[in-house]
$ cat input_2.csv   # CSV, C-alpha atoms
chain,number,residue,atom,x,y,z
A,13,MET,CA,-14.0,5.4,-36.5
A,14,ALA,CA,-13.3,4.6,-32.9
A,15,GLU,CA,-10.4,6.4,-31.3
A,16,LYS,CA,-7.6,4.2,-30.1
A,17,ARG,CA,-7.2,4.6,-26.3
A,18,GLY,CA,-3.7,3.3,-26.0
A,19,PRO,CA,-1.5,0.4,-27.0
A,20,ASP,CA,-2.9,-2.6,-28.8
A,21,ARG,CA,-4.9,-4.6,-26.3
A,22,THR,CA,-5.6,-7.5,-28.6
A,23,ASP,CA,-2.2,-9.3,-28.5
A,24,HIS,CA,-1.2,-11.3,-25.4
A,25,ASN,CA,2.5,-10.6,-25.1
A,26,ILE,CA,4.1,-10.4,-21.7
A,27,THR,CA,5.7,-7.0,-22.5
A,28,LEU,CA,4.6,-4.1,-24.5
A,29,ASP,CA,5.6,-4.0,-28.2
A,30,ALA,CA,8.0,-1.3,-29.2
A,31,GLN,CA,5.4,0.2,-31.6
A,32,ASP,CA,2.9,0.4,-28.7
A,33,ASP,CA,5.2,2.6,-26.7
A,34,ARG,CA,4.5,6.3,-27.0
A,35,TRP,CA,7.8,7.5,-25.4
A,36,GLU,CA,11.0,7.7,-27.4
A,37,TRP,CA,13.2,7.1,-24.4
A,38,ARG,CA,11.6,3.8,-23.7
A,39,ARG,CA,11.8,2.8,-27.3
A,40,ARG,CA,15.6,3.4,-27.1
A,41,ILE,CA,15.8,1.2,-23.9
A,42,ARG,CA,13.9,-1.5,-25.7
A,43,ALA,CA,16.4,-1.4,-28.6
A,44,ASP,CA,19.1,-2.7,-26.2
A,45,PRO,CA,18.2,-6.1,-24.8
A,46,LYS,CA,20.5,-5.7,-21.8
A,47,LYS,CA,19.0,-2.3,-20.8
A,48,HIS,CA,15.5,-3.6,-21.5
A,49,LEU,CA,16.0,-6.5,-19.1
A,50,ILE,CA,17.3,-4.2,-16.3
A,51,TYR,CA,14.5,-1.8,-17.0
A,52,ARG,CA,11.9,-4.6,-16.8
A,53,ILE,CA,13.3,-5.8,-13.6
A,54,GLY,CA,13.2,-2.3,-12.1
A,55,VAL,CA,9.6,-1.7,-13.3
A,56,GLY,CA,8.6,-5.1,-11.8
A,57,VAL,CA,10.3,-4.4,-8.5
A,58,VAL,CA,8.8,-0.9,-8.1
A,59,GLY,CA,5.3,-2.0,-9.2
A,60,GLY,CA,5.5,-5.1,-7.0
A,61,ILE,CA,6.5,-3.0,-4.0
A,62,LEU,CA,3.6,-0.7,-4.5
A,63,LEU,CA,1.2,-3.6,-4.9
A,64,ILE,CA,2.5,-5.3,-1.7
A,65,ALA,CA,2.3,-2.0,0.2
A,66,ALA,CA,-1.4,-1.5,-0.8
A,67,PRO,CA,-2.9,-4.1,1.5
A,68,LEU,CA,-0.4,-3.3,4.2
A,69,THR,CA,-1.7,0.3,4.3
A,70,GLY,CA,-5.3,-0.6,3.7
A,71,TRP,CA,-6.2,-0.4,7.4
A,72,LEU,CA,-5.2,3.3,7.6
A,73,PRO,CA,-8.0,5.9,7.6
A,74,GLY,CA,-8.7,7.4,4.3
A,75,PRO,CA,-8.4,5.7,1.0
A,76,GLY,CA,-5.9,3.3,2.4
A,77,GLY,CA,-4.1,1.1,-0.2
A,78,ILE,CA,-6.4,1.9,-3.1
A,79,PRO,CA,-4.1,4.7,-4.6
A,80,LEU,CA,-1.0,2.5,-4.0
A,81,PHE,CA,-2.7,-0.4,-5.8
A,82,ILE,CA,-3.6,1.7,-8.8
A,83,ALA,CA,-0.1,3.3,-8.9
A,84,GLY,CA,1.5,-0.1,-8.7
A,85,LEU,CA,-0.7,-1.4,-11.5
A,86,ALA,CA,0.0,1.7,-13.6
A,87,VAL,CA,3.8,1.2,-13.1
A,88,LEU,CA,3.5,-2.4,-14.1
A,89,ALA,CA,1.2,-1.6,-17.0
A,90,SER,CA,3.9,0.7,-18.4
A,91,GLU,CA,5.9,-2.4,-19.3
A,92,PHE,CA,3.7,-5.6,-19.0
A,93,GLU,CA,0.7,-6.2,-21.1
A,94,TRP,CA,-1.1,-8.4,-18.5
A,95,ALA,CA,-1.0,-5.5,-16.1
A,96,GLN,CA,-2.1,-3.1,-18.8
A,97,ARG,CA,-5.1,-5.3,-19.6
A,98,LEU,CA,-6.0,-5.5,-15.9
A,99,LEU,CA,-5.6,-1.7,-15.6
A,100,TYR,CA,-8.0,-1.1,-18.5
A,101,LYS,CA,-10.5,-3.5,-16.8
A,102,VAL,CA,-10.2,-1.5,-13.6
A,103,LYS,CA,-10.6,1.8,-15.5
A,104,ASP,CA,-13.7,0.4,-17.3
A,105,TRP,CA,-15.2,-0.8,-14.0
A,106,VAL,CA,-14.7,2.6,-12.4
A,107,GLN,CA,-16.3,4.3,-15.4
A,108,GLU,CA,-19.3,1.9,-15.2
A,109,LEU,CA,-19.6,2.5,-11.5
A,110,THR,CA,-19.4,6.3,-11.9
A,111,ALA,CA,-22.1,6.2,-14.6
A,112,TRP,CA,-24.3,4.0,-12.4
A,113,THR,CA,-23.9,6.3,-9.4
A,114,GLY,CA,-24.7,9.3,-11.6
A,115,LYS,CA,-28.0,7.8,-12.5
A,116,GLN,CA,-29.1,7.2,-8.9
A,117,PRO,CA,-31.6,9.6,-7.2
A,118,ALA,CA,-30.3,12.4,-5.0
A,119,TRP,CA,-31.6,10.8,-1.7
A,120,LEU,CA,-29.7,7.6,-2.4
A,121,LYS,CA,-26.5,9.5,-3.2
A,122,ALA,CA,-26.9,11.5,0.1
A,123,LEU,CA,-27.5,8.2,2.0
A,124,GLY,CA,-24.4,6.7,0.5
A,125,THR,CA,-22.4,9.8,1.5
A,126,VAL,CA,-23.6,9.6,5.0
A,127,ALA,CA,-22.8,5.9,5.2
A,128,LEU,CA,-19.3,6.5,3.9
A,129,PHE,CA,-18.8,9.3,6.4
A,130,LEU,CA,-19.9,7.0,9.2
A,131,CYS,CA,-17.6,4.3,8.0
A,132,VAL,CA,-14.7,6.7,8.1
A,133,LEU,CA,-15.6,7.9,11.6
A,134,VAL,CA,-15.8,4.2,12.8
A,135,ALA,CA,-12.4,3.5,11.1
A,136,ILE,CA,-10.8,6.5,12.9
A,137,TRP,CA,-12.4,5.5,16.2
A,138,LEU,CA,-11.0,1.9,15.8
A,139,TYR,CA,-7.6,3.3,14.9
A,140,LEU,CA,-7.5,5.4,18.0
A,141,ALA,CA,-8.8,2.5,20.1
A,142,VAL,CA,-5.9,0.3,19.0
A,143,LEU,CA,-3.1,2.9,19.0
A,144,GLY,CA,-4.4,5.3,21.6
A,145,VAL,CA,-5.2,9.0,21.5
A,146,PRO,CA,-2.1,10.9,20.4
A,147,GLY,CA,-0.7,13.3,22.9
A,148,TRP,CA,-0.2,16.0,20.3
A,149,PHE,CA,-4.0,16.5,20.0
A,150,PRO,CA,-5.3,19.7,21.5
A,151,ASP,CA,-6.4,19.2,25.2
A,152,SER,CA,-10.0,19.8,24.4
A,153,TRP,CA,-10.1,17.2,21.7
A,154,GLU,CA,-8.1,14.7,23.8
A,155,SER,CA,-10.5,15.1,26.8
A,156,PHE,CA,-13.5,14.7,24.5
A,157,LEU,CA,-12.0,11.6,22.8
A,158,ARG,CA,-11.2,10.0,26.2
A,159,THR,CA,-15.0,10.1,27.0
A,160,LEU,CA,-15.7,7.7,24.1
A,161,PRO,CA,-15.8,3.9,24.7
A,162,LEU,CA,-12.5,2.1,24.2
A,163,LEU,CA,-10.6,5.4,24.3
A,164,THR,CA,-10.3,5.8,28.0
A,165,GLU,CA,-6.9,5.6,29.6
$ encode --input "input_2.csv" --output "structure tokens"
Amino acid sequence: MAEKRGPDRTDHNITLDAQDDRWEWRRRIRADPKKHLIYRIGVGVVGGILLIAAPLTGWLPGPGGIPLFIAGLAVLASEFEWAQRLLYKVKDWVQELTAWTGKQPAWLKALGTVALFLCVLVAIWLYLAVLGVPGWFPDSWESFLRTLPLLTE
């Protein structure tokens, strides 16, 4: 028998059903329509803000807006079934991608790691080219960075 991963993903309601909720405090909120409406609005606002912030922070070095997008989707999925279905699709896609990368030869994984590292370096370089080299960097770093193209004063 297959183990159930979470709430029922077969129905297409807008919000989660009370029996699909694993937390008692949310079942109590759902019992009162007024509290439930306020809670849904709050979840929608917080999740929406995180989703809107994701592309706005996507240009930053590092993972950018990916964690914010996933967090926003997770917040929305706690209340809305459409977001929960989308979150499960994203999780399934990540698992498939992880399984695929695990099957690749070591030389290809190393090449991918080097390519990712170079992309991060280019992103940092572009970031510094647009905003300038911060004055709080150590003098040796600052003098080295100023020798790179587009980072001169």
$ atom_distance --input "input_2.csv" --atom1 "CA of Tyr139 in chain A" --atom2 "CA of Trp71 in chain A"
8.5 Å
$ closest_residue --input "input_2.csv" --among "A:Ala141, A:Leu88, A:Ala43, A:Leu72" --to "Gly60 in chain A" --atoms "all atoms listed in the file"
A:Leu88
$ residues_around --input "input_2.csv" --residues "Glu154 in chain A" --least-positions-apart "5" --cutoff "12 Å" --atoms "all atoms listed in the file" --output "number ranges by chain"
A: 140, 144-149, 159-160, 163-165
$ closest_residue --input "input_2.csv" --among "A:Tyr100, A:Trp137, A:Phe81, A:Phe156" --to "Val58 in chain A" --atoms "all atoms listed in the file"
A:Phe81
$ atom_distance --input "input_2.csv" --atom1 "CA of Leu63 in chain A" --atom2 "CA of Ile78 in chain A"
9.6 Å
$ closest_residue --input "input_2.csv" --among "A:Tyr51, A:Pro67, A:Ala135, A:Ala111" --to "Ser90 in chain A" --atoms "only C-alpha atoms"
A:Tyr51
$ atom_distance --input "input_2.csv" --atom1 "CA of Leu68 in chain A" --atom2 "CA of Arg158 in chain A"
27.9 Å
